[in-house]
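Reproduced below: target_34.cif, with mmCIF, C-alpha atoms.
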```cif
data_entry
loop_
_atom_site.group_PDB
_atom_site.id
_atom_site.type_symbol
_atom_site.label_atom_id
_atom_site.label_comp_id
_atom_site.auth_asym_id
_atom_site.auth_seq_id
_atom_site.Cartn_x
_atom_site.Cartn_y
_atom_site.Cartn_z
ATOM 1 C CA GLY A 156 95.703 108.137 73.746
ATOM 2 C CA VAL A 157 98.784 108.449 75.908
ATOM 3 C CA GLY A 158 101.953 110.469 75.429
ATOM 4 C CA VAL A 159 103.118 112.843 72.725
ATOM 5 C CA ASP A 160 102.054 110.504 69.904
ATOM 6 C CA ARG A 161 98.705 109.752 71.608
ATOM 7 C CA GLY A 162 99.468 106.019 71.643
ATOM 8 C CA ARG A 163 96.638 103.553 72.145
ATOM 9 C CA TYR A 164 96.427 101.023 74.936
ATOM 10 C CA CYS A 165 94.082 98.508 76.523
ATOM 11 C CA LEU A 166 93.866 98.078 80.278
ATOM 12 C CA ALA A 167 94.015 94.284 80.580
ATOM 13 C CA SER A 168 93.638 93.904 84.349
ATOM 14 C CA VAL A 169 94.090 95.535 87.724
ATOM 15 C CA ARG A 170 95.284 93.589 90.745
ATOM 16 C CA GLY A 171 95.159 94.561 94.393
ATOM 17 C CA ILE A 172 98.103 93.550 96.549
ATOM 18 C CA ALA A 173 97.356 92.246 100.038
ATOM 19 C CA ILE A 174 99.667 92.641 103.037
ATOM 20 C CA GLY A 175 101.141 89.163 102.546
ATOM 21 C CA GLY A 176 101.978 89.958 98.922
ATOM 22 C CA SER A 177 99.173 87.950 97.326
ATOM 23 C CA LYS A 178 97.576 89.572 94.277
ATOM 24 C CA ASN A 179 93.831 89.556 93.680
ATOM 25 C CA GLU A 180 92.396 90.563 90.332
ATOM 26 C CA ILE A 181 89.893 93.369 90.862
ATOM 27 C CA TYR A 182 89.326 94.333 87.224
ATOM 28 C CA ASP A 183 89.304 92.303 84.013
ATOM 29 C CA TYR A 184 88.894 93.867 80.565
ATOM 30 C CA ARG A 185 86.815 90.973 79.224
ATOM 31 C CA SER A 186 84.017 91.440 81.745
ATOM 32 C CA GLN A 187 84.734 95.158 82.295
ATOM 33 C CA GLN A 188 83.608 94.705 85.888
ATOM 34 C CA LEU A 189 85.327 96.172 88.914
ATOM 35 C CA SER A 190 85.189 93.858 91.921
ATOM 36 C CA ASN A 191 83.885 95.185 95.203
ATOM 37 C CA HIS A 192 86.193 92.810 97.055
ATOM 38 C CA PHE A 193 89.766 94.031 97.107
ATOM 39 C CA PRO A 194 92.584 94.081 99.669
ATOM 40 C CA VAL A 195 92.582 96.955 102.129
ATOM 41 C CA ILE A 196 95.767 98.069 103.815
ATOM 42 C CA ASP A 197 95.289 98.986 107.452
ATOM 43 C CA LEU A 198 97.924 100.784 109.524
ATOM 44 C CA GLU A 199 97.364 98.234 112.306
ATOM 45 C CA HIS A 200 99.022 95.540 110.136
ATOM 46 C CA PHE A 201 102.379 97.257 110.574
ATOM 47 C CA LYS A 202 102.621 97.661 114.342
ATOM 48 C CA ALA A 203 106.005 96.812 115.847
ATOM 49 C CA SER A 204 107.019 96.490 119.474
ATOM 50 C CA LEU A 205 110.672 97.324 118.922
ATOM 51 C CA LEU A 206 112.332 98.946 115.941
ATOM 52 C CA PRO A 207 115.597 100.713 116.807
ATOM 53 C CA GLN A 208 116.792 101.231 113.225
ATOM 54 C CA VAL A 209 115.366 101.238 109.714
ATOM 55 C CA THR A 210 116.865 101.592 106.253
ATOM 56 C CA LEU A 211 114.858 103.000 103.370
ATOM 57 C CA GLU A 212 115.846 102.487 99.757
ATOM 58 C CA PHE A 213 114.515 105.137 97.385
ATOM 59 C CA LEU A 214 113.938 103.392 94.062
ATOM 60 C CA THR A 215 112.746 106.446 92.127
ATOM 61 C CA PRO A 216 113.820 110.056 92.675
ATOM 62 C CA ALA A 217 112.232 111.672 95.718
ATOM 63 C CA GLN A 218 111.929 115.403 96.220
ATOM 64 C CA LEU A 219 110.947 116.192 99.777
ATOM 65 C CA LYS A 220 110.353 119.740 100.903
ATOM 66 C CA LYS A 221 110.664 121.608 104.161
ATOM 67 C CA GLU A 222 109.139 125.053 104.352
ATOM 68 C CA GLY A 223 108.697 125.026 100.566
ATOM 69 C CA ARG A 224 112.332 124.241 99.776
ATOM 70 C CA PRO A 225 113.730 120.893 98.537
ATOM 71 C CA VAL A 226 115.938 119.105 101.077
ATOM 72 C CA ARG A 227 119.095 117.190 100.231
ATOM 73 C CA ARG A 228 119.308 115.480 103.620
ATOM 74 C CA PRO A 229 115.831 114.167 104.546
ATOM 75 C CA GLU A 230 115.634 114.436 108.319
ATOM 76 C CA PHE A 231 113.058 112.038 109.750
ATOM 77 C CA PRO A 232 110.380 114.638 110.647
ATOM 78 C CA VAL A 233 110.525 115.953 107.065
ATOM 79 C CA LEU A 234 110.033 112.445 105.664
ATOM 80 C CA LEU A 235 107.192 111.723 108.109
ATOM 81 C CA GLY A 236 105.491 115.019 107.306
ATOM 82 C CA ASN A 237 105.613 114.258 103.582
ATOM 83 C CA ILE A 238 104.126 110.781 104.135
ATOM 84 C CA LEU A 239 101.294 112.213 106.248
ATOM 85 C CA ARG A 240 100.568 114.948 103.701
ATOM 86 C CA ARG A 241 100.300 112.385 100.893
ATOM 87 C CA TYR A 242 98.106 110.094 102.994
ATOM 88 C CA HIS A 243 95.761 112.915 104.012
ATOM 89 C CA SER A 244 95.535 114.195 100.450
ATOM 90 C CA LEU A 245 94.572 110.792 99.066
ATOM 91 C CA ARG A 246 92.034 110.221 101.842
ATOM 92 C CA TYR A 247 90.536 113.656 101.332
ATOM 93 C CA PHE A 248 90.145 113.503 97.561
ATOM 94 C CA HIS A 249 89.474 109.788 97.039
ATOM 95 C CA GLU A 250 87.543 108.702 100.079
ATOM 96 C CA ASP A 251 85.059 110.522 102.276
ATOM 97 C CA GLY A 252 86.691 113.955 102.383
ATOM 98 C CA ALA A 253 87.105 113.759 106.157
ATOM 99 C CA ARG A 254 90.280 114.968 107.790
ATOM 100 C CA GLU A 255 91.697 112.478 110.272
ATOM 101 C CA LYS A 256 93.629 113.561 113.303
ATOM 102 C CA PHE A 257 96.494 111.268 114.255
ATOM 103 C CA GLU A 258 98.442 111.492 117.461
ATOM 104 C CA ILE A 259 101.982 111.978 116.168
ATOM 105 C CA ASP A 260 104.742 112.368 118.728
ATOM 106 C CA TRP A 261 106.727 115.007 116.873
ATOM 107 C CA ALA A 262 109.196 115.352 119.764
ATOM 108 C CA ALA A 263 110.057 111.655 119.367
ATOM 109 C CA ALA A 264 110.337 112.107 115.580
ATOM 110 C CA GLU A 265 112.839 114.936 116.122
ATOM 111 C CA LYS A 266 115.060 112.570 118.148
ATOM 112 C CA ILE A 267 115.430 110.087 115.298
ATOM 113 C CA GLU A 268 118.784 110.562 113.633
ATOM 114 C CA ILE A 269 120.345 109.702 110.304
ATOM 115 C CA VAL A 270 123.191 107.244 110.884
ATOM 116 C CA GLN A 271 124.030 106.439 107.277
ATOM 117 C CA GLN A 272 123.132 107.973 103.971
ATOM 118 C CA ASP A 273 124.025 107.046 100.418
ATOM 119 C CA LEU A 274 121.825 109.281 98.277
ATOM 120 C CA GLN A 275 122.517 110.498 94.752
ATOM 121 C CA ASP A 276 120.805 113.310 92.898
ATOM 122 C CA ARG A 277 118.676 112.140 89.947
ATOM 123 C CA GLN A 278 116.574 113.765 87.261
ATOM 124 C CA LEU A 279 113.565 112.527 85.347
ATOM 125 C CA LYS A 280 112.049 114.179 82.322
ATOM 126 C CA ARG A 281 108.384 114.042 81.451
ATOM 127 C CA PHE A 282 106.297 115.817 78.878
ATOM 128 C CA SER A 283 103.682 118.185 80.266
ATOM 129 C CA ASN A 284 100.584 118.378 78.091
ATOM 130 C CA ARG A 285 99.420 121.416 80.029
ATOM 131 C CA GLN A 286 102.662 123.327 79.436
ATOM 132 C CA GLN A 287 103.344 121.667 76.056
ATOM 133 C CA ARG A 288 107.005 121.150 76.907
ATOM 134 C CA PRO A 289 109.343 118.723 78.679
ATOM 135 C CA VAL A 290 109.550 119.193 82.454
ATOM 136 C CA VAL A 291 112.506 118.109 84.601
ATOM 137 C CA LEU A 292 111.779 116.448 87.935
ATOM 138 C CA ASN A 293 114.666 116.447 90.430
ATOM 139 C CA GLY A 294 115.186 114.289 93.481
ATOM 140 C CA PHE A 295 117.423 111.807 95.238
ATOM 141 C CA GLU A 296 117.707 108.016 95.047
ATOM 142 C CA GLY A 297 119.587 105.584 97.230
ATOM 143 C CA ARG A 298 119.592 104.435 100.835
ATOM 144 C CA ILE A 299 119.223 106.179 104.149
ATOM 145 C CA THR A 300 119.282 104.645 107.625
ATOM 146 C CA TYR A 301 117.481 106.171 110.597
ATOM 147 C CA ARG A 302 118.086 105.240 114.254
ATOM 148 C CA GLY A 303 115.895 105.881 117.271
ATOM 149 C CA ASN A 304 112.569 104.782 118.689
ATOM 150 C CA LEU A 305 110.920 104.057 115.328
ATOM 151 C CA SER A 306 108.264 101.548 116.466
ATOM 152 C CA GLN A 307 105.405 104.050 116.536
ATOM 153 C CA PHE A 308 106.328 105.322 113.060
ATOM 154 C CA LEU A 309 106.638 101.957 111.282
ATOM 155 C CA PRO A 310 102.998 101.955 110.099
ATOM 156 C CA TRP A 311 103.543 105.305 108.392
ATOM 157 C CA LEU A 312 106.818 104.183 106.821
ATOM 158 C CA LYS A 313 105.126 101.059 105.453
ATOM 159 C CA ILE A 314 102.127 102.993 104.081
ATOM 160 C CA GLY A 315 104.593 105.379 102.430
ATOM 161 C CA GLU A 316 105.969 102.426 100.445
ATOM 162 C CA TYR A 317 102.604 102.123 98.711
ATOM 163 C CA LEU A 318 101.764 105.814 98.412
ATOM 164 C CA HIS A 319 105.159 107.255 97.395
ATOM 165 C CA VAL A 320 106.224 110.584 98.904
ATOM 166 C CA GLY A 321 107.145 114.088 97.896
ATOM 167 C CA LYS A 322 106.778 116.099 94.746
ATOM 168 C CA GLY A 323 105.928 114.120 91.634
ATOM 169 C CA ALA A 324 104.544 111.118 93.535
ATOM 170 C CA VAL A 325 101.677 110.953 91.024
ATOM 171 C CA PHE A 326 104.313 110.431 88.306
ATOM 172 C CA GLY A 327 106.008 107.568 90.173
ATOM 173 C CA MET A 328 108.571 109.631 92.054
ATOM 174 C CA GLY A 329 109.283 109.063 95.738
ATOM 175 C CA TRP A 330 108.894 105.286 95.651
ATOM 176 C CA TYR A 331 110.848 103.611 98.417
ATOM 177 C CA ARG A 332 110.882 100.350 100.305
ATOM 178 C CA VAL A 333 111.639 99.563 103.915
ATOM 179 C CA LEU A 334 114.556 97.121 103.939
ATOM 180 C CA ASN A 335 114.501 95.815 107.516
#
```

Would you write out, as structure tokens, the structure that this file holds?
Amino acid sequence: GVGVDRGRYCLASVRGIAIGGSKNEIYDYRSQQLSNHFPVIDLEHFKASLLPQVTLEFLTPAQLKKEGRPVRRPEFPVLLGNILRRYHSLRYFHEDGAREKFEIDWAAAEKIEIVQQDLQDRQLKRFSNRQQRPVVLNGFEGRITYRGNLSQFLPWLKIGEYLHVGKGAVFGMGWYRVLN
């Protein structure tokens, strides 16, 4: 069961979402078969030749950290580092265990600036079965706009939409979308 009362549920279906937004059923409870054919998201799908500005809208609270401390103003390199950490972690534990090396121009990432920010602090509560008590998850929601040479980073920003970023991503925190 799920939750404090150990509620029952039935997983009816699972759908994979392709780049264009189409949804393909990859699991159906009647047949209890998982399809081997499902959409794969490739970083190459998100290449851009020119992207001088981007706005992100955080739909669920995000808690990003720099040097182990939560940040209230997510500078671009901090955001990018959190996206890469989440990506590498998922690849490591759920794929082949190999560590990929990506050529990230961190000097260029440092030059990207925040030009507008409308972020509010938010809290979520969840019950921890391990600790047997409610746990508070803190973060920020809202919009932030970055300006600079963002073209090379667009694939990572788009992948971050699917993966979520920061602490509590496995609980649905850190979900954002790229608005432009």

- Between CA of Arg240 (chain A) and CA of Gln307 (chain A), what is the distance, to one decimal in Å?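 Separating CA of Arg240 (chain A) from CA of Gln307 (chain A) is a distance of 17.5 Å.
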
- Query: So what do you get for CA of Val157 (chain A) versus CA of Ala324 (chain A), distance-wise?
  - Reply: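 A separation of 18.7 Å between them.
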
- As a check of understanding: the span from CA of Arg246 (chain A) to CA of Lys221 (chain A) is 22.0 Å

- So which one's closest to Arg185 (chain A), A:Leu312, A:Leu239, A:Ala167, A:Ile172? Using only C-alpha atoms, please.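 Among the listed residues, the smallest separation from Arg185 (chain A) belongs to A:Ala167.
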
- Task: Evaluate the PyMOL selection byres ((chain A and resi 254-260) around 12) here and jot the selected residues down as a PyMOL selection string.
- Result: chain A and resi 198+232+235-236+239-240+242-253+261-267+304-308+310-311

- Item | Residue members of the PyMOL selection byres ((chain A and resi 275-291) around 9) in the file shown, as an NGL selection string | :A and (158-159 or 215-217 or 227 or 273-274 or 292-297 or 326 or 328)

Next, the residues of the selection above should be written as an mmCIF file, in the frame of the given file with C-alpha atoms.
```cif
data_model
loop_
_atom_site.group_PDB
_atom_site.id
_atom_site.type_symbol
_atom_site.label_atom_id
_atom_site.label_comp_id
_atom_site.auth_asym_id
_atom_site.auth_seq_id
_atom_site.Cartn_x
_atom_site.Cartn_y
_atom_site.Cartn_z
ATOM 1 C CA GLY A 158 101.953 110.469 75.429
ATOM 2 C CA VAL A 159 103.118 112.843 72.725
ATOM 3 C CA THR A 215 112.746 106.446 92.127
ATOM 4 C CA PRO A 216 113.820 110.056 92.675
ATOM 5 C CA ALA A 217 112.232 111.672 95.718
ATOM 6 C CA ARG A 227 119.095 117.190 100.231
ATOM 7 C CA ASP A 273 124.025 107.046 100.418
ATOM 8 C CA LEU A 274 121.825 109.281 98.277
ATOM 9 C CA LEU A 292 111.779 116.448 87.935
ATOM 10 C CA ASN A 293 114.666 116.447 90.430
ATOM 11 C CA GLY A 294 115.186 114.289 93.481
ATOM 12 C CA PHE A 295 117.423 111.807 95.238
ATOM 13 C CA GLU A 296 117.707 108.016 95.047
ATOM 14 C CA GLY A 297 119.587 105.584 97.230
ATOM 15 C CA PHE A 326 104.313 110.431 88.306
ATOM 16 C CA MET A 328 108.571 109.631 92.054
#
```

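Taking only C-alpha atoms into account, Gly315 (chain A) lies nearest to A:Leu234 out of the set A:Pro225, A:Leu234, A:Glu268, A:Arg298.
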
Contacts of Leu211 (chain A) within 8 Å, only C-alpha atoms, excl. fewer than 4 positions in-chain, as a short mmCIF file (atom, residue, chain, number, x, y, z; two decimals) with C-alpha atoms, keeping the file's coordinate frame:
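The result, written out as selection-v3.cif:
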```cif
data_model
loop_
_atom_site.label_atom_id
_atom_site.label_comp_id
_atom_site.auth_asym_id
_atom_site.auth_seq_id
_atom_site.Cartn_x
_atom_site.Cartn_y
_atom_site.Cartn_z
CA ARG A 298 119.59 104.44 100.84
CA ILE A 299 119.22 106.18 104.15
CA THR A 300 119.28 104.64 107.62
CA TYR A 331 110.85 103.61 98.42
CA ARG A 332 110.88 100.35 100.30
CA VAL A 333 111.64 99.56 103.92
CA LEU A 334 114.56 97.12 103.94
#
```

Output as AutoDock Vina command-line options the centre and edge lengths (Å, one decimal) of the box along x, y and z of the file that holds every listed atom of region 301-312 of chain A after adding 8 Å on each side.
```
--center_x 110.5 --center_y 103.9 --center_z 112.8 --size_x 31.1 --size_y 20.6 --size_z 27.9
```

- Query: Which is closer to Tyr184 (chain A) than all the others in A:Val270, A:Lys313, A:Leu219, A:Leu166, using all atoms listed in the file?
  - Reply: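 Checking each candidate against Tyr184 (chain A), we get A:Leu166 as the closest.
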
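Among the candidates A:Asn179, A:Asn335, A:Gln208, A:Gln218, the one nearest to Val195 (chain A) when counting all atoms listed in the file is A:Asn179.
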
List the spatial neighbours of Phe193 (chain A) as a PDB file with C-alpha atoms, in the frame of the given file - criterion: any atom at most 12 Å away, all atoms listed in the file, same-chain residues fewer than 3 positions off excluded.
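For reference, out_0.pdb as written:
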```
ATOM      1  CA  VAL A 169      94.090  95.535  87.724  1.00  0.00           C
ATOM      2  CA  ARG A 170      95.284  93.589  90.745  1.00  0.00           C
ATOM      3  CA  GLY A 171      95.159  94.561  94.393  1.00  0.00           C
ATOM      4  CA  ILE A 172      98.103  93.550  96.549  1.00  0.00           C
ATOM      5  CA  ALA A 173      97.356  92.246 100.038  1.00  0.00           C
ATOM      6  CA  ILE A 174      99.667  92.641 103.037  1.00  0.00           C
ATOM      7  CA  SER A 177      99.173  87.950  97.326  1.00  0.00           C
ATOM      8  CA  LYS A 178      97.576  89.572  94.277  1.00  0.00           C
ATOM      9  CA  ASN A 179      93.831  89.556  93.680  1.00  0.00           C
ATOM     10  CA  GLU A 180      92.396  90.563  90.332  1.00  0.00           C
ATOM     11  CA  ILE A 181      89.893  93.369  90.862  1.00  0.00           C
ATOM     12  CA  TYR A 182      89.326  94.333  87.224  1.00  0.00           C
ATOM     13  CA  LEU A 189      85.327  96.172  88.914  1.00  0.00           C
ATOM     14  CA  SER A 190      85.189  93.858  91.921  1.00  0.00           C
ATOM     15  CA  ILE A 196      95.767  98.069 103.815  1.00  0.00           C
TER      16      ILE A 196
END
```

- Task: Could you tell me which of A:Asn237, A:Pro194, A:Thr210, A:Gly303 comes closest to Gly223 (chain A) if we count all atoms listed in the file?
- Result: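 Closest candidate: A:Asn237.
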
- Looking at A:Glu212, A:Cys165, A:Val226, A:Pro207, which one is nearest to Leu309 (chain A), with distances taken over only C-alpha atoms? A:Pro207
